[in-house]
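For reference, work_0.pdb is printed below; it contains PDB, C-alpha atoms and all ligand atoms.
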```
ATOM      1  CA  MET A   1       0.000   0.000   0.000
ATOM      2  CA  ALA A   2       1.449   3.355  -0.988
ATOM      3  CA  SER A   3       1.517   5.691   1.956
ATOM      4  CA  MET A   4       2.384   9.311   2.579
ATOM      5  CA  SER A   5       2.756   8.718   6.278
ATOM      6  CA  ILE A   6       6.043   9.702   7.890
ATOM      7  CA  VAL A   7       5.334   7.804  11.111
ATOM      8  CA  ARG A   8       3.587   4.483  11.215
ATOM      9  CA  VAL A   9       2.864   2.446  14.325
ATOM     10  CA  ASP A  10       1.575  -1.094  13.806
ATOM     11  CA  GLY A  11       0.240  -3.388  16.488
ATOM     12  CA  VAL A  12       2.461  -2.007  19.241
ATOM     13  CA  GLY A  13       2.167  -3.662  22.648
ATOM     14  CA  LYS A  14       4.226  -3.147  25.781
ATOM     15  CA  SER A  15       3.829  -4.632  29.257
ATOM     16  CA  PHE A  16       5.629  -3.907  32.500
ATOM     17  CA  ARG A  17       5.521  -6.999  34.711
ATOM     18  CA  GLY A  18       2.052  -7.935  33.612
ATOM     19  CA  LEU A  19       0.730  -4.384  33.420
ATOM     20  CA  ARG A  20      -0.375  -3.731  29.840
ATOM     21  CA  ALA A  21       0.860  -0.200  29.232
ATOM     22  CA  LEU A  22       0.144  -0.428  25.477
ATOM     23  CA  SER A  23      -2.108  -2.898  23.635
ATOM     24  CA  ASP A  24      -2.245  -3.225  19.884
ATOM     25  CA  VAL A  25      -1.683   0.439  19.116
ATOM     26  CA  ASP A  26      -2.009   1.354  15.425
ATOM     27  CA  PHE A  27      -1.855   4.774  13.837
ATOM     28  CA  GLU A  28      -0.199   6.767  11.086
ATOM     29  CA  VAL A  29       0.893  10.365  10.892
ATOM     30  CA  ALA A  30       1.147  12.203   7.575
ATOM     31  CA  GLU A  31       4.134  14.366   6.778
ATOM     32  CA  GLY A  32       3.507  17.903   8.076
ATOM     33  CA  GLU A  33       0.605  16.781  10.216
ATOM     34  CA  ILE A  34       0.060  17.800  13.849
ATOM     35  CA  LEU A  35      -1.240  14.925  15.964
ATOM     36  CA  GLY A  36      -2.342  15.580  19.536
ATOM     37  CA  ILE A  37      -2.217  12.664  21.989
ATOM     38  CA  ILE A  38      -4.507  12.777  24.993
ATOM     39  CA  GLY A  39      -5.726  10.411  27.674
ATOM     40  CA  PRO A  40      -5.934  10.027  31.444
ATOM     41  CA  ASN A  41      -2.877   9.623  33.653
ATOM     42  CA  GLY A  42      -1.312   6.227  33.117
ATOM     43  CA  ALA A  43      -3.004   5.755  29.720
ATOM     44  CA  GLY A  44       0.346   4.944  28.102
ATOM     45  CA  LYS A  45       1.145   8.224  26.362
ATOM     46  CA  THR A  46       4.739   8.540  27.537
ATOM     47  CA  THR A  47       5.303   4.823  26.988
ATOM     48  CA  LEU A  48       4.138   5.308  23.401
ATOM     49  CA  PHE A  49       6.710   8.091  22.930
ATOM     50  CA  ASN A  50       9.354   5.878  24.505
ATOM     51  CA  VAL A  51       8.600   3.148  21.995
ATOM     52  CA  VAL A  52       8.381   5.475  18.986
ATOM     53  CA  SER A  53      11.625   7.281  19.875
ATOM     54  CA  GLY A  54      13.512   4.054  20.535
ATOM     55  CA  ALA A  55      13.931   4.438  24.311
ATOM     56  CA  LEU A  56      11.900   1.244  24.827
ATOM     57  CA  ALA A  57      11.590  -1.790  22.588
ATOM     58  CA  PRO A  58       7.952  -2.886  22.213
ATOM     59  CA  ASP A  59       6.956  -6.465  23.043
ATOM     60  CA  THR A  60       4.962  -6.639  19.822
ATOM     61  CA  GLY A  61       4.502  -4.524  16.728
ATOM     62  CA  ARG A  62       6.584  -2.209  14.589
ATOM     63  CA  VAL A  63       7.444   1.454  14.306
ATOM     64  CA  ALA A  64       8.336   2.939  10.924
ATOM     65  CA  PHE A  65       9.811   6.373  10.301
ATOM     66  CA  ALA A  66      10.000   7.740   6.757
ATOM     67  CA  GLY A  67       9.351   4.276   5.380
ATOM     68  CA  GLN A  68      12.132   2.602   7.410
ATOM     69  CA  ASP A  69      11.503   0.117  10.161
ATOM     70  CA  VAL A  70      13.126   1.671  13.244
ATOM     71  CA  THR A  71      11.673  -0.701  15.862
ATOM     72  CA  GLY A  72      14.157  -1.165  18.665
ATOM     73  CA  ARG A  73      16.764   1.075  17.055
ATOM     74  CA  ALA A  74      18.824   3.170  19.468
ATOM     75  CA  PRO A  75      17.266   6.546  20.322
ATOM     76  CA  ASP A  76      20.270   8.566  19.174
ATOM     77  CA  ARG A  77      20.186   6.882  15.779
ATOM     78  CA  ILE A  78      16.486   7.624  15.430
ATOM     79  CA  ALA A  79      17.105  11.218  16.504
ATOM     80  CA  ARG A  80      19.928  11.637  14.011
ATOM     81  CA  ALA A  81      17.655  10.263  11.299
ATOM     82  CA  GLY A  82      15.250  13.112  12.117
ATOM     83  CA  MET A  83      12.747  11.940  14.739
ATOM     84  CA  VAL A  84      13.451  13.798  17.974
ATOM     85  CA  ARG A  85      11.641  13.900  21.291
ATOM     86  CA  THR A  86      11.497  16.224  24.241
ATOM     87  CA  PHE A  87      11.190  15.087  27.845
ATOM     88  CA  GLN A  88       8.713  16.142  30.509
ATOM     89  CA  LEU A  89      11.530  16.669  32.986
ATOM     90  CA  MET A  90      14.369  18.422  31.347
ATOM     91  CA  ARG A  91      17.885  17.957  32.572
ATOM     92  CA  PRO A  92      20.173  20.682  31.308
ATOM     93  CA  PHE A  93      23.891  20.246  31.824
ATOM     94  CA  SER A  94      24.239  22.405  34.855
ATOM     95  CA  SER A  95      27.763  23.664  34.398
ATOM     96  CA  MET A  96      26.935  24.951  30.938
ATOM     97  CA  THR A  97      25.251  28.028  29.555
ATOM     98  CA  VAL A  98      21.975  27.914  27.668
ATOM     99  CA  LEU A  99      23.833  28.293  24.375
ATOM    100  CA  GLU A 100      26.322  25.529  25.238
ATOM    101  CA  ASN A 101      23.451  23.192  26.066
ATOM    102  CA  VAL A 102      21.990  23.805  22.619
ATOM    103  CA  CYS A 103      25.392  23.458  20.920
ATOM    104  CA  LEU A 104      25.723  20.061  22.517
ATOM    105  CA  ALA A 105      22.426  18.935  21.006
ATOM    106  CA  ALA A 106      23.385  20.302  17.572
ATOM    107  CA  GLN A 107      26.798  18.664  17.578
ATOM    108  CA  HIS A 108      25.889  15.626  15.553
ATOM    109  CA  HIS A 109      25.563  17.847  12.480
ATOM    110  CA  ARG A 110      29.362  18.010  12.370
ATOM    111  CA  PHE A 111      29.206  21.718  11.700
ATOM    112  CA  GLY A 112      32.470  23.549  12.145
ATOM    113  CA  ARG A 113      32.809  25.404  15.454
ATOM    114  CA  ARG A 114      31.603  28.719  14.109
ATOM    115  CA  LYS A 115      28.648  27.252  12.213
ATOM    116  CA  LEU A 116      27.654  25.205  15.259
ATOM    117  CA  ARG A 117      27.506  28.333  17.416
ATOM    118  CA  GLU A 118      25.669  30.304  14.737
ATOM    119  CA  HIS A 119      23.070  27.626  14.238
ATOM    120  CA  SER A 120      22.635  27.136  17.979
ATOM    121  CA  LEU A 121      22.318  30.846  18.675
ATOM    122  CA  GLU A 122      19.686  31.088  15.965
ATOM    123  CA  VAL A 123      17.699  28.325  17.670
ATOM    124  CA  VAL A 124      18.134  29.951  21.097
ATOM    125  CA  GLU A 125      16.763  33.209  19.704
ATOM    126  CA  ARG A 126      13.971  31.443  17.916
ATOM    127  CA  VAL A 127      12.600  30.022  21.169
ATOM    128  CA  GLY A 128      12.909  33.429  22.821
ATOM    129  CA  LEU A 129      15.943  32.669  25.004
ATOM    130  CA  GLY A 130      18.269  35.153  23.302
ATOM    131  CA  PRO A 131      18.749  37.259  26.436
ATOM    132  CA  TRP A 132      19.611  34.101  28.392
ATOM    133  CA  ALA A 133      22.065  32.617  25.895
ATOM    134  CA  HIS A 134      25.134  33.129  28.076
ATOM    135  CA  ARG A 135      23.549  32.473  31.445
ATOM    136  CA  ALA A 136      23.978  29.170  33.277
ATOM    137  CA  ALA A 137      21.138  26.857  32.307
ATOM    138  CA  PRO A 138      19.970  26.127  35.882
ATOM    139  CA  GLU A 139      19.253  29.839  36.395
ATOM    140  CA  LEU A 140      16.340  29.552  33.976
ATOM    141  CA  PRO A 141      12.830  29.654  35.421
ATOM    142  CA  THR A 142      10.506  26.748  34.541
ATOM    143  CA  ALA A 143       9.226  28.391  31.373
ATOM    144  CA  GLY A 144      12.821  28.946  30.279
ATOM    145  CA  LEU A 145      13.785  25.333  30.945
ATOM    146  CA  LYS A 146      10.843  24.255  28.801
ATOM    147  CA  ARG A 147      12.062  26.491  26.004
ATOM    148  CA  LEU A 148      15.579  25.167  26.393
ATOM    149  CA  GLU A 149      14.277  21.624  26.048
ATOM    150  CA  LEU A 150      12.491  22.672  22.867
ATOM    151  CA  ALA A 151      15.624  24.447  21.613
ATOM    152  CA  ARG A 152      17.727  21.330  22.146
ATOM    153  CA  ALA A 153      15.270  19.325  20.086
ATOM    154  CA  LEU A 154      15.093  21.982  17.343
ATOM    155  CA  ALA A 155      18.879  22.160  17.172
ATOM    156  CA  MET A 156      18.737  18.639  15.755
ATOM    157  CA  ARG A 157      16.617  19.894  12.852
ATOM    158  CA  PRO A 158      13.894  17.302  13.305
ATOM    159  CA  LYS A 159      11.553  16.182  10.580
ATOM    160  CA  VAL A 160       9.330  14.732  13.282
ATOM    161  CA  LEU A 161       9.156  16.257  16.739
ATOM    162  CA  LEU A 162       7.636  14.370  19.681
ATOM    163  CA  LEU A 163       6.628  16.817  22.409
ATOM    164  CA  ASP A 164       5.844  15.505  25.875
ATOM    165  CA  GLU A 165       3.759  18.130  27.672
ATOM    166  CA  VAL A 166       5.763  21.154  26.591
ATOM    167  CA  LEU A 167       3.139  23.449  28.103
ATOM    168  CA  ALA A 168       3.007  21.872  31.558
ATOM    169  CA  GLY A 169       4.079  24.275  34.276
ATOM    170  CA  LEU A 170       3.582  27.325  32.078
ATOM    171  CA  VAL A 171       1.061  30.042  32.861
ATOM    172  CA  PRO A 172      -1.361  30.847  30.021
ATOM    173  CA  ALA A 173       0.607  33.923  28.916
ATOM    174  CA  GLU A 174       3.733  31.773  28.560
ATOM    175  CA  ARG A 175       1.911  29.158  26.488
ATOM    176  CA  GLU A 176       0.925  31.437  23.631
ATOM    177  CA  PRO A 177       4.405  32.032  22.215
ATOM    178  CA  VAL A 178       5.191  28.312  22.438
ATOM    179  CA  LEU A 179       2.004  27.414  20.553
ATOM    180  CA  ASP A 180       2.814  30.059  17.937
ATOM    181  CA  LEU A 181       6.307  28.683  17.550
ATOM    182  CA  LEU A 182       5.004  25.139  17.050
ATOM    183  CA  ALA A 183       2.440  26.266  14.472
ATOM    184  CA  ARG A 184       5.180  28.148  12.612
ATOM    185  CA  LEU A 185       7.486  25.142  12.632
ATOM    186  CA  ARG A 186       4.924  23.207  10.691
ATOM    187  CA  GLU A 187       3.963  26.069   8.386
ATOM    188  CA  GLU A 188       7.439  27.248   7.549
ATOM    189  CA  GLU A 189       9.415  24.024   7.698
ATOM    190  CA  GLY A 190       6.862  21.276   7.331
ATOM    191  CA  VAL A 191       7.883  19.711  10.636
ATOM    192  CA  THR A 192       5.537  16.901  11.694
ATOM    193  CA  LEU A 193       4.447  17.163  15.326
ATOM    194  CA  LEU A 194       3.171  14.562  17.757
ATOM    195  CA  PHE A 195       2.345  16.172  21.061
ATOM    196  CA  ILE A 196       1.123  14.786  24.359
ATOM    197  CA  GLU A 197      -0.912  17.430  26.121
ATOM    198  CA  HIS A 198      -3.375  17.738  28.985
ATOM    199  CA  ILE A 199      -4.369  21.325  28.204
ATOM    200  CA  MET A 200      -7.353  20.815  25.932
ATOM    201  CA  ALA A 201      -7.445  24.402  24.663
ATOM    202  CA  ALA A 202      -3.967  23.858  23.244
ATOM    203  CA  VAL A 203      -4.953  20.524  21.699
ATOM    204  CA  MET A 204      -8.013  22.080  20.078
ATOM    205  CA  ARG A 205      -5.986  24.921  18.673
ATOM    206  CA  LEU A 206      -2.923  23.092  17.399
ATOM    207  CA  ALA A 207      -3.930  19.554  16.419
ATOM    208  CA  ASP A 208      -5.162  18.495  12.998
ATOM    209  CA  ARG A 209      -6.127  15.162  14.509
ATOM    210  CA  VAL A 210      -6.235  13.809  18.019
ATOM    211  CA  LEU A 211      -5.473  10.292  19.192
ATOM    212  CA  VAL A 212      -7.018   9.229  22.493
ATOM    213  CA  LEU A 213      -5.402   6.560  24.636
ATOM    214  CA  ASP A 214      -7.090   4.874  27.556
ATOM    215  CA  GLN A 215      -5.562   1.967  29.457
ATOM    216  CA  GLY A 216      -3.036   1.417  26.710
ATOM    217  CA  ARG A 217      -5.555   1.288  23.892
ATOM    218  CA  VAL A 218      -6.483   3.757  21.176
ATOM    219  CA  ILE A 219     -10.133   4.528  21.871
ATOM    220  CA  ALA A 220     -10.574   7.293  19.288
ATOM    221  CA  VAL A 221      -8.766   9.097  16.489
ATOM    222  CA  GLY A 222     -10.212  12.051  14.619
ATOM    223  CA  SER A 223     -10.466  15.788  14.331
ATOM    224  CA  PRO A 224     -10.476  17.679  17.642
ATOM    225  CA  GLN A 225     -14.224  18.247  17.194
ATOM    226  CA  GLU A 226     -14.939  14.572  16.500
ATOM    227  CA  VAL A 227     -12.904  13.364  19.411
ATOM    228  CA  THR A 228     -14.261  15.799  21.969
ATOM    229  CA  SER A 229     -17.837  14.869  21.126
ATOM    230  CA  ASP A 230     -17.135  11.110  21.239
ATOM    231  CA  ALA A 231     -19.026   9.506  24.136
ATOM    232  CA  ARG A 232     -16.193   7.062  24.936
ATOM    233  CA  VAL A 233     -13.683   9.885  25.128
ATOM    234  CA  ILE A 234     -15.923  11.964  27.360
ATOM    235  CA  ASP A 235     -16.374   8.934  29.573
ATOM    236  CA  ALA A 236     -12.723   7.975  29.797
ATOM    237  CA  TYR A 237     -11.134  11.376  29.928
ATOM    238  CA  LEU A 238     -13.022  14.558  29.307
ATOM    239  CA  GLY A 239     -15.642  13.756  31.912
ATOM    240  CA  GLU A 240     -12.945  14.334  34.500
ATOM    241  CA  GLU A 241     -12.000  17.635  32.928
ATOM    242  CA  PRO A 242     -11.935  19.523  36.255
ATOM    243  CA  THR A 243      -8.877  17.513  37.345
ATOM    244  CA  HIS A 244      -7.098  18.701  34.203
ATOM    245  CA  ALA A 245      -8.049  22.301  34.755
ATOM    246  CA  ASP A 246      -5.575  24.908  33.648
ATOM    247  CA  ALA A 247      -4.303  25.735  37.122
TER     248      ALA A 247
HETATM  249  N1  LIG A 301       9.417   1.771  33.207
HETATM  250  C1  LIG A 301       8.253   1.381  33.731
HETATM  251  N2  LIG A 301       8.178   0.347  34.596
HETATM  252  C2  LIG A 301       7.004  -0.053  35.103
HETATM  253  N3  LIG A 301       5.814   0.506  34.809
HETATM  254  C3  LIG A 301       5.810   1.537  33.957
HETATM  255  C4  LIG A 301       7.016   2.043  33.368
HETATM  256  N4  LIG A 301       6.697   3.074  32.563
HETATM  257  C5  LIG A 301       5.368   3.230  32.639
HETATM  258  N5  LIG A 301       4.825   2.299  33.461
HETATM  259  C6  LIG A 301       3.390   2.123  33.737
HETATM  260  O1  LIG A 301       2.721   2.045  32.489
HETATM  261  C7  LIG A 301       1.489   2.740  32.534
HETATM  262  C8  LIG A 301       1.482   3.826  31.480
HETATM  263  O2  LIG A 301       2.345   4.862  31.895
HETATM  264  P1  LIG A 301       2.665   6.135  31.021
HETATM  265  O3  LIG A 301       3.667   6.944  31.778
HETATM  266  O4  LIG A 301       3.005   5.738  29.648
HETATM  267  O5  LIG A 301       1.254   6.887  31.027
HETATM  268  P2  LIG A 301       0.923   8.376  30.606
HETATM  269  O6  LIG A 301      -0.302   8.299  29.800
HETATM  270  O7  LIG A 301       2.117   8.994  29.996
HETATM  271  O8  LIG A 301       0.605   9.042  32.008
HETATM  272  P3  LIG A 301       0.836  10.566  32.517
HETATM  273  O9  LIG A 301      -0.245  11.374  31.891
HETATM  274  O10 LIG A 301       0.659  10.426  33.990
HETATM  275  O11 LIG A 301       2.226  10.974  32.113
HETATM  276  C9  LIG A 301       1.348   3.284  33.947
HETATM  277  O12 LIG A 301       0.567   2.386  34.683
HETATM  278  C10 LIG A 301       2.784   3.307  34.449
HETATM  279  O13 LIG A 301       2.817   3.154  35.846
END
```
Conversion result in structure tokens:
Amino acid sequence: MASMSIVRVDGVGKSFRGLRALSDVDFEVAEGEILGIIGPNGAGKTTLFNVVSGALAPDTGRVAFAGQDVTGRAPDRIARAGMVRTFQLMRPFSSMTVLENVCLAAQHHRFGRRKLREHSLEVVERVGLGPWAHRAAPELPTAGLKRLELARALAMRPKVLLLDEVLAGLVPAEREPVLDLLARLREEEGVTLLFIEHIMAAVMRLADRVLVLDQGRVIAVGSPQEVTSDARVIDAYLGEEPTHADA
């Protein structure tokens, strides 16, 4: 079957000592598409990213990126091939500046020293951390650390970016520029985005399609409107909306 999809997940299952974190997960993402991933705590969202990015080998099923089977391939190889993830808890190298942290992520491009710094500084400015470029990374407030995590991923020039709750811990005013940046990445560079997010307003605004996980299974896939009016989704997740309130 001819396919335009850049990411393809087929029959993925993963258990942790008998706990089925993922069961028979299938989906495809088209190049340049923005896929939101939602679901209650423990639904398997992060585990799915771990499998797709190579951090965890699935028990069953396959992951393909750009037509290549990458199942079980090392995460750094997958990242270098162009599928890059961010982490919920970012760990900057504490003895380094913001810029140095980004340079480190960009290093695999084998740019010369000057080009590496130029490229990294561009990315630092792009995420709005220009004024912080030469400060020690741990001095950044939460919103800054989130941006640094995004900058490190962008420095790798991803074709596919997997974002694990990039908005968590940000106040609404801090979210807007991040959402704008993500929308621009797709518009201007055709970057494909998969993003795990609890903030529904952000999902509604950014996602072309939404995939809903519950207890390790895909219970719905569709447009944000379709998914949010789906009775199963309301039951499993949106019904408890107050616990996901924006606070
Ligand atoms: N390395 C691990 N060892 C054992 N159990 C794990 C491991 N990773 C995840 N799990 C379990 O697998 C299930 C799915 O977890 P996962 O973190 O993928 O869910 P999630 O949807 O990302 O949740 P959250 O929204 O809280 O981040 C949970 O029950 C979790 O406790």
How many Å separate atom CA of Leu140 of chain A from atom CA of Ala105 of chain A?
->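 Here the two named atoms are 17.8 Å from each other.
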Selection as a short mmCIF file (atom, residue, chain, number, x, y, z; two decimals) with C-alpha atoms, keeping the file's coordinate frame: residues within 10 Å of ligand LIG 301 (chain A) by all atoms listed in the file:
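This is the output file result_5.cif:
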```cif
data_model
loop_
_atom_site.label_atom_id
_atom_site.label_comp_id
_atom_site.auth_asym_id
_atom_site.auth_seq_id
_atom_site.Cartn_x
_atom_site.Cartn_y
_atom_site.Cartn_z
CA LYS A 14 4.23 -3.15 25.78
CA SER A 15 3.83 -4.63 29.26
CA PHE A 16 5.63 -3.91 32.50
CA ARG A 17 5.52 -7.00 34.71
CA GLY A 18 2.05 -7.94 33.61
CA LEU A 19 0.73 -4.38 33.42
CA ARG A 20 -0.38 -3.73 29.84
CA ALA A 21 0.86 -0.20 29.23
CA LEU A 22 0.14 -0.43 25.48
CA ILE A 37 -2.22 12.66 21.99
CA ILE A 38 -4.51 12.78 24.99
CA GLY A 39 -5.73 10.41 27.67
CA PRO A 40 -5.93 10.03 31.44
CA ASN A 41 -2.88 9.62 33.65
CA GLY A 42 -1.31 6.23 33.12
CA ALA A 43 -3.00 5.76 29.72
CA GLY A 44 0.35 4.94 28.10
CA LYS A 45 1.14 8.22 26.36
CA THR A 46 4.74 8.54 27.54
CA THR A 47 5.30 4.82 26.99
CA LEU A 48 4.14 5.31 23.40
CA PHE A 49 6.71 8.09 22.93
CA ASN A 50 9.35 5.88 24.50
CA VAL A 51 8.60 3.15 22.00
CA LEU A 56 11.90 1.24 24.83
CA GLN A 88 8.71 16.14 30.51
CA ASP A 164 5.84 15.50 25.88
CA GLU A 165 3.76 18.13 27.67
CA ILE A 196 1.12 14.79 24.36
CA GLU A 197 -0.91 17.43 26.12
CA HIS A 198 -3.38 17.74 28.98
CA VAL A 212 -7.02 9.23 22.49
CA LEU A 213 -5.40 6.56 24.64
CA ASP A 214 -7.09 4.87 27.56
CA GLN A 215 -5.56 1.97 29.46
CA GLY A 216 -3.04 1.42 26.71
#
```
Quote the spacing between atom CA of Leu193 of chain A and atom CA of Ser229 of chain A in Å to one decimal place.
->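 Atom-to-atom, atom CA of Leu193 of chain A to atom CA of Ser229 of chain A, that is 23.1 Å.
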Point (8.8, 33.4, 22.7) neighbourhood (7 Å, all atoms listed in the file) written as a count of residues only = 4
Residues in the PyMOL selection byres (((chain A and resi 131) around 12) and not hetatm), expressed as a list of chain:residue names = A:Thr97, A:Val98, A:Leu99, A:Leu121, A:Val124, A:Glu125, A:Arg126, A:Val127, A:Gly128, A:Leu129, A:Gly130, A:Trp132, A:Ala133, A:His134, A:Arg135, A:Ala136, A:Leu140, A:Gly144
What would the file look like if the residues just selected were written as an mmCIF file, keeping the file's coordinate frame with C-alpha atoms?
```cif
data_model
loop_
_atom_site.group_PDB
_atom_site.id
_atom_site.type_symbol
_atom_site.label_atom_id
_atom_site.label_comp_id
_atom_site.auth_asym_id
_atom_site.auth_seq_id
_atom_site.Cartn_x
_atom_site.Cartn_y
_atom_site.Cartn_z
ATOM 1 C CA THR A 97 25.251 28.028 29.555
ATOM 2 C CA VAL A 98 21.975 27.914 27.668
ATOM 3 C CA LEU A 99 23.833 28.293 24.375
ATOM 4 C CA LEU A 121 22.318 30.846 18.675
ATOM 5 C CA VAL A 124 18.134 29.951 21.097
ATOM 6 C CA GLU A 125 16.763 33.209 19.704
ATOM 7 C CA ARG A 126 13.971 31.443 17.916
ATOM 8 C CA VAL A 127 12.600 30.022 21.169
ATOM 9 C CA GLY A 128 12.909 33.429 22.821
ATOM 10 C CA LEU A 129 15.943 32.669 25.004
ATOM 11 C CA GLY A 130 18.269 35.153 23.302
ATOM 12 C CA TRP A 132 19.611 34.101 28.392
ATOM 13 C CA ALA A 133 22.065 32.617 25.895
ATOM 14 C CA HIS A 134 25.134 33.129 28.076
ATOM 15 C CA ARG A 135 23.549 32.473 31.445
ATOM 16 C CA ALA A 136 23.978 29.170 33.277
ATOM 17 C CA LEU A 140 16.340 29.552 33.976
ATOM 18 C CA GLY A 144 12.821 28.946 30.279
#
```
Which value, in Å to one decimal, gives the distance between atom CA of Val123 of chain A and atom CA of Leu182 of chain A?
->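 Computing the Euclidean distance for atom CA of Val123 of chain A and atom CA of Leu182 of chain A yields 13.1 Å.
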Surrounding residues of Val63 of chain A excluding itself and chain neighbours under 3 positions, 9 Å, all atoms listed in the file, as a PyMOL selection string = chain A and resi 7-12+51-52+68-72
Please list, as a tab-separated table (two decimals) with C-alpha atoms, keeping the file's coordinate frame, the residues that have an atom at most 12 Å away from (-16.0, 10.4, 25.9) in the coordinates of this file, counting all atoms listed in the file.
```tsv
chain	number	residue	atom	x	y	z
A	38	ILE	CA	-4.51	12.78	24.99
A	39	GLY	CA	-5.73	10.41	27.67
A	40	PRO	CA	-5.93	10.03	31.44
A	212	VAL	CA	-7.02	9.23	22.49
A	213	LEU	CA	-5.40	6.56	24.64
A	214	ASP	CA	-7.09	4.87	27.56
A	219	ILE	CA	-10.13	4.53	21.87
A	220	ALA	CA	-10.57	7.29	19.29
A	221	VAL	CA	-8.77	9.10	16.49
A	225	GLN	CA	-14.22	18.25	17.19
A	226	GLU	CA	-14.94	14.57	16.50
A	227	VAL	CA	-12.90	13.36	19.41
A	228	THR	CA	-14.26	15.80	21.97
A	229	SER	CA	-17.84	14.87	21.13
A	230	ASP	CA	-17.14	11.11	21.24
A	231	ALA	CA	-19.03	9.51	24.14
A	232	ARG	CA	-16.19	7.06	24.94
A	233	VAL	CA	-13.68	9.88	25.13
A	234	ILE	CA	-15.92	11.96	27.36
A	235	ASP	CA	-16.37	8.93	29.57
A	236	ALA	CA	-12.72	7.98	29.80
A	237	TYR	CA	-11.13	11.38	29.93
A	238	LEU	CA	-13.02	14.56	29.31
A	239	GLY	CA	-15.64	13.76	31.91
A	240	GLU	CA	-12.94	14.33	34.50
A	241	GLU	CA	-12.00	17.64	32.93
```
Pick from A:Arg217, A:Arg80, A:Arg186, A:Lys146 nearest to His109 of chain A, counting all atoms listed in the file =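 Counting all atoms listed in the file, the residue closest to His109 of chain A is A:Arg80.
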Written as a PyMOL selection string, what is the full residue list that the PyMOL selection byres (((chain A and resi 36) around 10) and not hetatm) yields on the file shown?
-> chain A and resi 33-35+37-38+163+193-198+200+202-204+206-212+221-224
I'd like the contact shell of Met83 of chain A - 7 Å cut-off, only C-alpha atoms, skipping same-chain residues fewer than 2 positions apart - returned as a CSV table (one decimal) with C-alpha atoms, in the coordinates of the input.
```csv
chain,number,residue,atom,x,y,z
A,78,ILE,CA,16.5,7.6,15.4
A,79,ALA,CA,17.1,11.2,16.5
A,81,ALA,CA,17.7,10.3,11.3
A,85,ARG,CA,11.6,13.9,21.3
A,158,PRO,CA,13.9,17.3,13.3
A,159,LYS,CA,11.6,16.2,10.6
A,160,VAL,CA,9.3,14.7,13.3
A,161,LEU,CA,9.2,16.3,16.7
```
Return the single residue from A:Phe87, A:Leu167, A:Val218, A:Gly67 that is closest to Asp26 of chain A, with distances computed using only C-alpha atoms.
->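 Checking each candidate against Asp26 of chain A, we get A:Val218 as the closest.
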Nearest to Glu149 of chain A by atom-to-atom distance, counting all atoms listed in the file, from A:Cys103, A:Ile199, A:Val166, A:Met4 |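 Looking only at the distances to Glu149 of chain A, the closest residue turns out to be A:Val166.
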Which residue of A:Ala155, A:Leu150, A:Ala30, A:Ala106 approaches Gly190 of chain A most closely, using only C-alpha atoms = A:Ala30
Got a sec to resolve the PyMOL selection byres (((chain A and resi 172) around 12) and not hetatm) on this structure and send the residues as a PyMOL selection string?
-> chain A and resi 143+167-171+173-179+199+201-202+245-247
Please provide the set of residues having any atom within 10 Å of Pro138 of chain A, restricted to all atoms listed in the file, with same-chain residues fewer than 5 positions apart removed, written as a list in words.
-> Arg91, Pro92, Phe93, Ser94, Ser95, Met96, Thr97, Val98, Gly144 and Leu145 of chain A
